[in-house]
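What follows is the content of my_file_8.cif (mmCIF, C-alpha atoms).
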```
data_run
loop_
_atom_site.label_atom_id
_atom_site.label_comp_id
_atom_site.auth_asym_id
_atom_site.auth_seq_id
_atom_site.Cartn_x
_atom_site.Cartn_y
_atom_site.Cartn_z
CA MET W 1 0.00 0.00 0.00
CA LEU W 2 2.53 2.60 1.14
CA GLU W 3 4.99 1.40 -1.50
CA LEU W 4 2.91 3.30 -4.05
CA LEU W 5 3.75 6.53 -2.23
CA GLU W 6 7.42 5.65 -1.88
CA ARG W 7 7.83 4.87 -5.59
CA GLN W 8 6.58 8.26 -6.69
CA GLN W 9 8.77 10.47 -8.85
CA ARG W 10 6.31 13.36 -9.19
CA LEU W 11 3.48 14.58 -7.00
CA THR W 12 -0.11 14.31 -8.20
CA THR W 13 -2.54 17.21 -8.38
CA ASN W 14 -4.30 15.98 -5.24
CA GLN W 15 -1.03 15.82 -3.31
CA ARG W 16 -0.37 19.40 -4.36
CA LYS W 17 -3.84 20.31 -3.11
CA ILE W 18 -2.99 18.81 0.28
CA ILE W 19 0.27 20.74 0.53
CA THR W 20 -1.25 24.00 -0.76
CA THR W 21 -4.10 23.77 1.73
CA LEU W 22 -1.72 23.12 4.61
CA VAL W 23 0.48 26.06 3.59
CA LEU W 24 -2.61 28.29 3.47
CA VAL W 25 -3.69 27.06 6.90
CA GLY W 26 -0.21 27.80 8.25
CA ILE W 27 -0.26 31.33 6.82
CA LEU W 28 -3.73 32.04 8.21
CA VAL W 29 -2.80 30.75 11.66
CA SER W 30 0.33 32.93 11.60
CA PHE W 31 -1.90 35.79 10.46
CA ASP W 32 -3.86 35.54 13.70
CA LEU W 33 -0.73 35.77 15.84
CA LEU W 34 0.53 38.75 13.85
CA VAL W 35 -2.87 40.43 14.13
CA ILE W 36 -2.68 40.10 17.90
CA GLY W 37 0.79 41.65 17.83
CA PHE W 38 -0.45 44.64 15.81
CA ALA W 39 -3.47 45.03 18.06
CA ALA W 40 -1.37 44.91 21.23
CA GLY W 41 0.80 47.74 19.91
CA TYR W 42 -2.22 49.91 19.17
CA MET W 43 -3.82 49.02 22.50
CA SER W 44 -0.67 50.21 24.24
CA ALA W 45 -0.94 53.51 22.38
CA ASP W 46 -4.64 53.76 23.35
CA ARG W 47 -3.72 53.08 27.00
CA HIS W 48 -5.62 49.79 27.09
CA LEU W 49 -2.23 48.28 27.94
CA SER W 50 0.81 49.77 29.61
CA HIS W 51 4.19 49.36 27.93
CA PRO W 52 5.60 47.15 30.75
CA GLN W 53 2.65 44.76 30.29
CA LEU W 54 3.60 43.90 26.69
CA PRO W 55 6.56 41.61 27.56
CA ARG W 56 4.42 39.85 30.16
CA ILE W 57 1.78 39.17 27.52
CA GLN W 58 4.48 37.70 25.29
CA LEU W 59 5.51 35.45 28.16
CA THR W 60 1.95 34.15 28.60
CA ALA W 61 1.84 33.55 24.84
CA GLY W 62 4.99 31.45 25.14
CA CYS W 63 3.44 29.40 27.93
CA GLY W 64 0.33 28.88 25.80
CA GLY W 65 2.45 27.78 22.86
CA LEU W 66 4.40 25.31 24.98
CA LEU W 67 1.25 23.66 26.32
CA GLY W 68 -0.51 23.79 22.95
CA ALA W 69 2.27 22.01 21.08
CA VAL W 70 2.40 19.22 23.67
CA VAL W 71 -1.37 18.76 24.07
CA TRP W 72 -2.35 19.00 20.40
CA GLY W 73 0.62 16.81 19.44
CA TRP W 74 -0.60 14.11 21.81
CA LEU W 75 -4.14 14.45 20.45
CA ALA W 76 -2.90 14.14 16.86
CA ASP W 77 -1.64 10.65 17.70
CA ARG W 78 -4.84 9.77 19.56
CA ILE W 79 -7.68 11.15 17.42
CA GLY W 80 -5.97 11.79 14.09
CA ARG W 81 -4.21 14.55 12.18
CA ARG W 82 -7.34 15.83 10.44
CA ALA W 83 -9.38 16.30 13.61
CA VAL W 84 -6.54 18.23 15.22
CA LEU W 85 -6.25 20.48 12.17
CA PHE W 86 -9.93 21.37 12.58
CA GLY W 87 -9.47 21.92 16.30
CA THR W 88 -6.36 24.07 16.14
CA VAL W 89 -7.68 26.35 13.39
CA LEU W 90 -10.92 26.99 15.28
CA ASN W 91 -9.01 27.39 18.55
CA THR W 92 -6.74 30.08 17.10
CA ALA W 93 -9.44 31.95 15.16
CA LEU W 94 -11.94 32.11 18.02
CA ALA W 95 -9.31 33.20 20.55
CA THR W 96 -8.21 36.01 18.23
CA GLY W 97 -11.77 37.16 17.57
CA MET W 98 -12.61 37.13 21.28
CA MET W 99 -9.81 39.58 21.92
CA ALA W 100 -11.86 42.24 20.09
CA LEU W 101 -14.11 42.26 23.17
CA THR W 102 -11.33 43.72 25.32
CA PRO W 103 -13.03 46.26 27.61
CA GLU W 104 -12.10 49.91 27.83
CA GLY W 105 -9.49 50.69 30.45
CA ASP W 106 -7.06 48.04 31.64
CA GLY W 107 -7.35 45.13 29.21
CA PHE W 108 -4.32 43.17 30.38
CA LEU W 109 -6.19 40.10 31.67
CA VAL W 110 -8.39 39.67 28.58
CA VAL W 111 -5.47 40.18 26.19
CA ALA W 112 -3.18 37.82 28.11
CA VAL W 113 -5.80 35.05 28.22
CA CYS W 114 -6.78 35.44 24.55
CA GLN W 115 -3.20 35.56 23.32
CA SER W 116 -2.21 32.51 25.34
CA LEU W 117 -5.23 30.63 23.90
CA ALA W 118 -4.36 31.74 20.36
CA SER W 119 -0.76 30.61 20.85
CA PHE W 120 -2.07 27.33 22.28
CA GLY W 121 -3.86 26.67 18.99
CA ALA W 122 -1.22 28.08 16.64
CA ALA W 123 1.59 26.01 18.14
CA GLY W 124 -0.57 22.91 17.95
CA ALA W 125 -1.45 23.53 14.29
CA LEU W 126 2.17 23.13 13.23
CA VAL W 127 2.24 19.50 14.39
CA PRO W 128 -0.47 18.02 12.12
CA LEU W 129 0.61 20.37 9.32
CA VAL W 130 4.10 18.87 9.22
CA CYS W 131 2.97 15.30 9.93
CA VAL W 132 0.37 15.28 7.15
CA VAL W 133 2.83 16.68 4.61
CA GLN W 134 5.43 14.06 5.54
CA GLU W 135 2.96 11.18 5.58
CA PHE W 136 1.64 11.86 2.07
CA VAL W 137 4.97 12.17 0.22
CA PRO W 138 7.82 9.74 -0.59
CA ALA W 139 10.89 9.60 1.63
CA SER W 140 13.06 10.89 -1.21
CA LYS W 141 11.17 14.21 -1.18
CA ARG W 142 10.09 14.41 2.46
CA GLY W 143 12.78 16.82 3.64
CA TRP W 144 12.53 19.19 0.69
CA ILE W 145 8.71 19.32 0.59
CA SER W 146 8.12 19.69 4.33
CA ALA W 147 10.82 22.39 4.56
CA MET W 148 9.47 24.23 1.53
CA ALA W 149 5.97 24.14 3.01
CA LEU W 150 7.26 25.95 6.10
CA TRP W 151 9.29 28.34 3.92
CA LEU W 152 6.11 29.30 2.05
CA VAL W 153 4.29 29.77 5.37
CA HIS W 154 7.04 32.15 6.55
CA LEU W 155 7.01 33.98 3.22
CA GLY W 156 3.23 34.35 3.28
CA SER W 157 3.34 35.57 6.87
CA THR W 158 5.70 38.35 5.81
CA GLY W 159 3.12 39.52 3.28
CA VAL W 160 0.56 39.53 6.07
CA VAL W 161 2.77 41.90 8.09
CA PHE W 162 2.61 44.51 5.33
CA ALA W 163 -1.15 44.01 4.98
CA GLY W 164 -1.54 44.52 8.72
CA LEU W 165 0.48 47.74 8.62
CA LYS W 166 -1.90 49.10 5.99
CA LEU W 167 -5.19 47.82 7.42
CA THR W 168 -4.87 48.50 11.14
CA PRO W 169 -4.91 52.32 10.87
CA ILE W 170 -8.03 52.06 8.66
CA ILE W 171 -10.24 49.58 10.52
CA GLY W 172 -8.75 49.97 13.99
CA TRP W 173 -7.39 47.31 16.30
CA ARG W 174 -10.83 45.87 17.11
CA GLY W 175 -11.63 45.51 13.42
CA MET W 176 -8.25 43.91 12.82
CA LEU W 177 -8.90 41.38 15.57
CA LEU W 178 -12.27 40.51 14.02
CA THR W 179 -10.48 39.67 10.77
CA GLY W 180 -8.75 37.02 12.86
CA LEU W 181 -11.96 34.99 12.54
CA VAL W 182 -11.39 34.63 8.77
CA PRO W 183 -8.94 31.70 9.12
CA ALA W 184 -11.84 29.62 10.48
CA LEU W 185 -13.12 29.44 6.89
CA SER W 186 -10.09 27.31 6.00
CA ILE W 187 -11.81 24.34 7.64
CA ILE W 188 -13.83 24.09 4.41
CA LEU W 189 -10.63 23.44 2.44
CA ILE W 190 -9.43 21.01 5.09
CA TRP W 191 -12.72 19.13 4.78
CA LEU W 192 -12.51 19.00 0.98
CA TRP W 193 -8.82 18.49 0.28
CA ILE W 194 -7.14 16.88 3.27
CA PRO W 195 -7.99 13.23 3.94
CA GLU W 196 -6.81 11.54 7.10
CA SER W 197 -3.20 10.40 7.02
CA PRO W 198 -3.03 6.84 5.64
CA ARG W 199 -0.19 6.02 7.99
CA TRP W 200 -2.24 7.04 11.02
CA LEU W 201 -5.21 5.03 9.70
CA ILE W 202 -3.03 1.94 9.19
CA CYS W 203 -1.75 2.24 12.76
CA ARG W 204 -5.38 2.18 13.93
CA GLY W 205 -6.24 -0.83 11.78
CA ARG W 206 -8.62 1.18 9.57
CA LEU W 207 -7.22 -0.34 6.40
CA ASP W 208 -10.12 0.33 4.04
CA GLU W 209 -10.04 4.04 4.91
CA ALA W 210 -6.27 4.05 4.43
CA ARG W 211 -6.68 2.55 0.94
CA LYS W 212 -9.17 5.26 0.01
CA SER W 213 -6.90 7.97 1.41
CA ILE W 214 -3.92 6.80 -0.64
CA ALA W 215 -6.06 6.29 -3.73
CA TRP W 216 -7.41 9.85 -3.50
CA ALA W 217 -3.93 11.31 -3.03
CA LEU W 218 -2.48 9.32 -5.94
CA GLN W 219 -5.61 9.73 -8.08
CA ILE W 220 -6.07 6.02 -8.70
CA GLU W 221 -8.85 3.53 -8.02
CA PRO W 222 -8.97 2.17 -4.44
CA ASP W 223 -8.96 -1.37 -5.84
CA TRP W 224 -5.46 -0.76 -7.18
CA VAL W 225 -4.15 -0.27 -3.64
CA GLU W 226 -3.20 -3.50 -1.88
CA THR W 227 -4.29 -3.96 1.72
CA PRO W 228 -1.30 -4.20 4.10
CA ALA W 229 -0.83 -6.98 6.59
CA ALA W 230 -2.82 -6.74 9.79
CA SER W 231 0.50 -6.64 11.68
CA ALA W 232 0.94 -3.06 10.47
CA LYS W 233 -1.57 -2.01 13.12
CA ALA W 234 -0.01 -0.18 16.07
CA PRO W 235 -2.22 0.49 19.10
CA PRO W 236 -2.22 3.98 20.64
CA GLN W 237 0.84 4.58 22.81
CA ALA W 238 0.82 6.36 26.15
CA TRP W 239 2.50 9.78 25.96
CA TRP W 240 5.07 8.86 28.60
CA ARG W 241 6.48 6.20 26.24
CA LEU W 242 8.33 9.02 24.52
CA PHE W 243 10.85 8.76 27.34
CA ARG W 244 11.78 5.26 26.18
CA TYR W 245 13.60 7.05 23.36
CA PRO W 246 16.02 9.36 25.22
CA ARG W 247 18.21 9.95 22.17
CA SER W 248 15.24 11.18 20.16
CA ILE W 249 14.10 13.42 23.01
CA ALA W 250 17.59 14.84 23.43
CA VAL W 251 18.23 15.68 19.78
CA THR W 252 14.79 17.12 19.02
CA CYS W 253 14.55 19.18 22.20
CA LEU W 254 18.13 20.49 22.09
CA THR W 255 17.85 21.51 18.45
CA SER W 256 14.52 23.21 19.15
CA LEU W 257 16.16 25.19 21.95
CA GLY W 258 18.61 26.47 19.35
CA GLN W 259 15.91 29.01 18.48
CA THR W 260 17.19 30.94 21.51
CA GLY W 261 20.02 32.25 19.34
CA THR W 262 17.58 33.55 16.73
CA VAL W 263 15.16 35.05 19.27
CA GLY W 264 17.96 36.89 21.08
CA SER W 265 19.57 38.14 17.87
CA GLN W 266 16.28 39.55 16.65
CA GLN W 267 15.57 41.14 20.02
CA TRP W 268 18.77 43.21 20.02
CA ALA W 269 19.37 43.50 16.26
CA ILE W 270 18.14 47.05 15.67
CA PHE W 271 19.87 48.51 18.72
CA LEU W 272 23.17 46.86 17.84
CA LEU W 273 23.05 48.06 14.24
CA VAL W 274 22.23 51.60 15.35
CA SER W 275 24.95 51.66 18.00
CA ILE W 276 27.78 49.90 16.20
CA LEU W 277 27.24 51.56 12.82
CA ASN W 278 26.43 54.97 14.37
CA ILE W 279 23.15 55.31 12.51
CA THR W 280 20.42 57.69 13.62
CA TRP W 281 17.11 56.12 14.66
CA GLY W 282 14.65 56.50 11.79
CA ALA W 283 17.38 56.96 9.17
CA PRO W 284 16.40 55.48 5.75
CA GLN W 285 19.46 53.22 5.62
CA LEU W 286 18.44 51.55 8.88
CA PHE W 287 15.48 49.93 7.13
CA TYR W 288 17.75 48.36 4.51
CA LEU W 289 20.31 47.25 7.08
CA VAL W 290 17.59 45.50 9.09
CA MET W 291 16.04 44.00 5.96
CA GLY W 292 19.39 42.46 4.98
CA PRO W 293 19.46 39.78 7.71
CA GLY W 294 15.75 39.14 7.18
CA LEU W 295 16.24 38.47 3.47
CA ALA W 296 19.32 36.38 4.26
CA GLY W 297 17.15 34.27 6.56
CA PHE W 298 14.60 33.64 3.80
CA ALA W 299 17.36 32.73 1.35
CA GLY W 300 18.89 30.44 3.95
CA GLN W 301 15.59 28.64 4.48
CA PHE W 302 15.34 27.90 0.76
CA VAL W 303 18.91 26.58 0.60
CA VAL W 304 18.50 24.52 3.78
CA ALA W 305 15.31 22.97 2.38
CA TYR W 306 17.33 21.76 -0.61
CA LEU W 307 20.28 20.56 1.46
CA SER W 308 18.14 18.54 3.89
CA ASP W 309 17.58 15.85 1.25
CA THR W 310 20.86 16.40 -0.62
CA ILE W 311 23.43 16.04 2.17
CA GLY W 312 21.04 14.75 4.84
CA ARG W 313 19.58 16.10 8.05
CA ARG W 314 22.74 15.54 10.12
CA GLY W 315 25.06 17.27 7.68
CA THR W 316 22.70 20.19 7.20
CA GLY W 317 22.12 20.56 10.93
CA MET W 318 25.84 20.58 11.69
CA LEU W 319 26.53 23.08 8.90
CA CYS W 320 23.82 25.46 10.10
CA GLY W 321 24.55 25.20 13.82
CA PHE W 322 28.31 25.58 13.63
CA SER W 323 28.21 28.29 10.94
CA ALA W 324 25.68 30.46 12.79
CA GLY W 325 27.51 30.01 16.09
CA VAL W 326 30.94 30.88 14.70
CA ALA W 327 29.46 33.89 12.86
CA LEU W 328 28.10 35.33 16.11
CA VAL W 329 31.40 34.79 17.94
CA LEU W 330 33.28 36.60 15.18
CA ALA W 331 30.63 39.35 15.12
CA GLY W 332 31.32 40.02 18.78
CA LEU W 333 35.09 40.00 18.32
CA PHE W 334 35.27 42.14 15.18
CA ARG W 335 32.26 44.39 15.69
CA ASP W 336 34.22 47.60 14.98
CA MET W 337 35.99 46.43 11.82
CA VAL W 338 35.08 47.68 8.34
CA LEU W 339 35.99 46.01 5.04
CA GLY W 340 35.67 48.07 1.87
CA GLY W 341 33.30 50.45 3.60
CA VAL W 342 31.05 47.61 4.80
CA SER W 343 30.68 46.69 8.47
CA ILE W 344 32.11 43.26 9.30
CA PHE W 345 29.54 43.02 12.10
CA TRP W 346 26.66 43.47 9.65
CA LEU W 347 28.09 40.89 7.23
CA LEU W 348 28.51 38.34 10.02
CA VAL W 349 24.96 38.96 11.24
CA MET W 350 23.83 38.24 7.66
CA ILE W 351 25.68 34.92 7.78
CA GLN W 352 24.20 34.13 11.19
CA SER W 353 20.70 34.83 9.87
CA PHE W 354 21.28 32.77 6.71
CA PHE W 355 22.22 29.65 8.66
CA GLY W 356 20.47 30.31 11.99
CA SER W 357 17.07 31.42 10.74
CA GLY W 358 17.45 29.17 7.72
CA SER W 359 17.81 26.06 9.86
CA SER W 360 14.28 26.44 11.29
CA VAL W 361 12.63 24.94 8.20
CA MET W 362 14.60 21.73 8.71
CA ILE W 363 14.69 21.54 12.51
CA GLN W 364 10.92 21.76 12.95
CA PRO W 365 10.06 18.97 10.45
CA TYR W 366 12.94 16.86 11.75
CA ALA W 367 11.30 16.93 15.18
CA ALA W 368 8.64 14.54 13.81
CA GLU W 369 11.05 12.05 12.24
CA PRO W 370 13.18 10.17 14.83
CA TRP W 371 10.17 8.54 16.51
CA PRO W 372 8.12 5.34 16.21
CA LYS W 373 5.17 5.90 13.88
CA ALA W 374 2.66 5.74 16.75
CA LEU W 375 4.41 8.63 18.57
CA ARG W 376 5.45 10.95 15.74
CA ALA W 377 3.06 13.80 16.55
CA SER W 378 3.57 13.46 20.30
CA GLY W 379 7.34 13.62 19.87
CA MET W 380 7.17 16.63 17.61
CA GLY W 381 4.77 18.38 19.98
CA LEU W 382 7.14 17.85 22.89
CA ALA W 383 10.11 19.24 20.94
CA LEU W 384 8.19 22.27 19.68
CA GLY W 385 6.88 22.92 23.17
CA ILE W 386 10.39 22.86 24.61
CA GLY W 387 11.41 25.21 21.82
CA TYR W 388 9.00 27.81 23.21
CA LEU W 389 11.28 28.10 26.23
CA SER W 390 13.59 30.09 23.96
CA MET W 391 11.18 33.01 24.33
CA ALA W 392 12.25 33.17 27.98
CA LEU W 393 15.84 31.90 27.72
CA ALA W 394 16.85 34.62 25.26
CA PRO W 395 15.67 37.71 27.19
CA VAL W 396 16.50 36.33 30.64
CA GLY W 397 20.01 35.31 29.57
CA LEU W 398 20.64 38.66 27.92
CA ALA W 399 19.26 40.49 30.97
CA LEU W 400 21.66 38.66 33.29
CA ILE W 401 24.58 39.46 30.98
CA ALA W 402 23.55 43.12 30.72
CA GLY W 403 22.94 43.40 34.46
CA SER W 404 19.35 44.45 33.81
CA SER W 405 16.51 43.94 36.25
CA ASP W 406 14.04 43.72 33.36
CA TYR W 407 14.16 40.01 32.58
CA LEU W 408 11.44 40.15 29.91
CA GLY W 409 12.69 43.08 27.86
CA PRO W 410 16.34 43.79 28.70
CA LYS W 411 18.01 46.82 27.16
CA ALA W 412 21.14 46.26 25.13
CA SER W 413 24.42 48.05 25.80
CA LEU W 414 27.69 48.21 23.87
CA GLU W 415 29.74 47.03 26.87
CA VAL W 416 28.17 43.56 26.83
CA ILE W 417 28.13 42.86 23.09
CA LEU W 418 30.85 40.19 23.18
CA PRO W 419 29.43 38.15 26.11
CA ALA W 420 25.94 38.51 24.62
CA MET W 421 27.16 37.21 21.25
CA LEU W 422 28.92 34.31 22.99
CA TYR W 423 25.73 33.45 24.88
CA LEU W 424 23.63 33.40 21.72
CA ALA W 425 26.35 31.52 19.82
CA PHE W 426 26.26 28.81 22.48
CA TRP W 427 22.71 27.86 21.46
CA TYR W 428 23.62 27.54 17.80
CA LEU W 429 26.71 25.49 18.60
CA LEU W 430 24.47 23.28 20.74
CA VAL W 431 22.42 22.58 17.60
CA GLY W 432 25.54 21.63 15.67
CA PHE W 433 26.79 19.25 18.35
CA ALA W 434 23.32 17.71 18.85
CA PHE W 435 23.07 16.84 15.16
CA TRP W 436 26.65 15.57 15.13
CA LEU W 437 26.52 13.38 18.22
CA LEU W 438 22.86 12.42 18.62
CA ALA W 439 20.87 12.77 15.41
CA LEU W 440 19.47 9.76 13.59
CA GLU W 441 19.87 10.27 9.85
CA THR W 442 16.38 10.13 8.35
CA SER W 443 17.07 11.42 4.84
CA GLY W 444 15.87 8.96 2.20
CA ARG W 445 14.46 6.54 4.79
CA SER W 446 10.75 5.81 4.86
CA ILE W 447 8.77 6.36 8.03
CA GLU W 448 8.37 2.58 8.27
CA ALA W 449 12.15 2.05 7.98
CA ILE W 450 12.76 4.58 10.76
CA ASP W 451 10.12 2.83 12.87
CA ALA W 452 11.86 -0.52 12.34
CA ALA W 453 15.26 0.97 13.26
CA LEU W 454 13.84 2.25 16.55
CA ALA W 455 12.11 -1.01 17.44
#
```
So, in terms of structure tokens, how does the structure I just supplied come out?
Amino acid sequence: MLELLERQQRLTTNQRKIITTLVLVGILVSFDLLVIGFAAGYMSADRHLSHPQLPRIQLTAGCGGLLGAVVWGWLADRIGRRAVLFGTVLNTALATGMMALTPEGDGFLVVAVCQSLASFGAAGALVPLVCVVQEFVPASKRGWISAMALWLVHLGSTGVVFAGLKLTPIIGWRGMLLTGLVPALSIILIWLWIPESPRWLICRGRLDEARKSIAWALQIEPDWVETPAASAKAPPQAWWRLFRYPRSIAVTCLTSLGQTGTVGSQQWAIFLLVSILNITWGAPQLFYLVMGPGLAGFAGQFVVAYLSDTIGRRGTGMLCGFSAGVALVLAGLFRDMVLGGVSIFWLLVMIQSFFGSGSSVMIQPYAAEPWPKALRASGMGLALGIGYLSMALAPVGLALIAGSSDYLGPKASLEVILPAMLYLAFWYLLVGFAFWLLALETSGRSIEAIDAALA
């Protein structure tokens, strides 16, 4: 049955529909989180929120994301990928729309609760999105396609940012939050174009449904799909059984924590560019200098997506982790140097963004791979949830280095650039060593082959 998927050289139209729908769902879910960010900024200006409350709201969002990834990941293994897609989309959309009801005056409690609920759903949506993509494509294309799906989500989310900048002044923050209900309409596309994962159905012994799912994806008659042996059935596994695979837990969680380097770099990026390059706040060239690392990150994601199947997950992970880490160390050491009129610091930050931000499109899908087939979503949910700790590790670590009492939004200073760069580089180097010493190479191996290797 599954051999038909593995022998594919080109994707069918229906497989493209599945991937396109999932990318759209990912963009719309990201849209809700970005809408909340825009609204929070305007609410601060309208005195519905005080400026010190904004970092605390971000912290509650991180907690919601951590719990959401773990809970929805567990549910995706229990009740199916499709049901969790429905649930997470509705969860995120309704939480965003509810935030429009924030009362006049102090709206901290309502905003904090709604944003944590929206993050709970958005983090959970990534798990079935990646799992469904991986479970409907051949192993030879799994790394490239799942990484490119996330790259398109990130690219689409960037377009949403510009739309939000234009719309919010026109319709106001309450109107913008109400547009957050629009992603709920994507459940129609999920219903029409995303069947349940055949691999999940086989694990549950629902073989006839699995045949129909594969037949629809490959656009062939169900009778052409052979029924697998009954031994392919795998009963639901308790969540705690993840801990029977310590190597998988270690590599997926440690590489997810590598996001700390990216979060911290983005948090201090503008200040460092302004201070080191002696640029005035609001100067036109500042926009282009900030855009440079962002564009480098997008380019890096595209290249990393290609490399993940070409040189493998381990090789790509080591390349990204070590390159980004070394770039930050050198940026701290040579921050004042100029080469041909160009800041060495800025060039090294570009390299860090290329490999550091670029690695995210491989690290997140990889989090679903080194697990038995009955625990794939649970394992990915755990790793993504742990990754949300980076939202606290980055600012708290930088605050301790800077000697700041504001652990949620520490201010940068020139005196601590080198130790700060070393701290952030540590997290990238951790990614490199985790892939080198712990990672199971999954490139080119079917999900069933990985399952057999872990047995």
Atom pair atom CA of Phe287 of chain W / atom CA of Gly325 of chain W: separation (Å): 24.9 Å
Pick from W:Val84, W:Leu177, W:Leu437, W:Leu348, whichever lies nearest to Tyr42 of chain W using all atoms listed in the file: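 Selected residue with least distance to Tyr42 of chain W: W:Leu177.
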Residues matched by the PyMOL selection byres ((chain W and resi 165-167) around 12), written as a PyMOL selection string: chain W and resi 34-35+37-39+41-42+158-164+168-177+179
How close does each residue of segment 87-127 of chain W get to segment 21-25 of chain W, giving the shortest atom pair and distance in Å to one decimal for every residue with an atom at most 10 Å away, counting all atoms listed in the file, sorted by chain and residue number, as a Markdown table?
```
| residue | atom | partner | partner_atom | distance |
| --- | --- | --- | --- | --- |
| W:Val89 | CA | W:Val25 | CA | 7.7 |
| W:Ala125 | CA | W:Val25 | CA | 8.5 |
| W:Leu126 | CA | W:Leu22 | CA | 9.5 |
```
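Evaluating the PyMOL selection byres ((chain W and resi 239) around 12) against the shown model yields W:Val70, W:Val71, W:Trp72, W:Gly73, W:Trp74, W:Leu75, W:Ala76, W:Asp77, W:Arg78, W:Pro236, W:Gln237, W:Ala238, W:Trp240, W:Arg241, W:Leu242, W:Phe243, W:Arg244, W:Tyr245, W:Ala374, W:Leu375, W:Arg376, W:Ala377, W:Ser378, W:Gly379, W:Met380, W:Gly381, W:Leu382.
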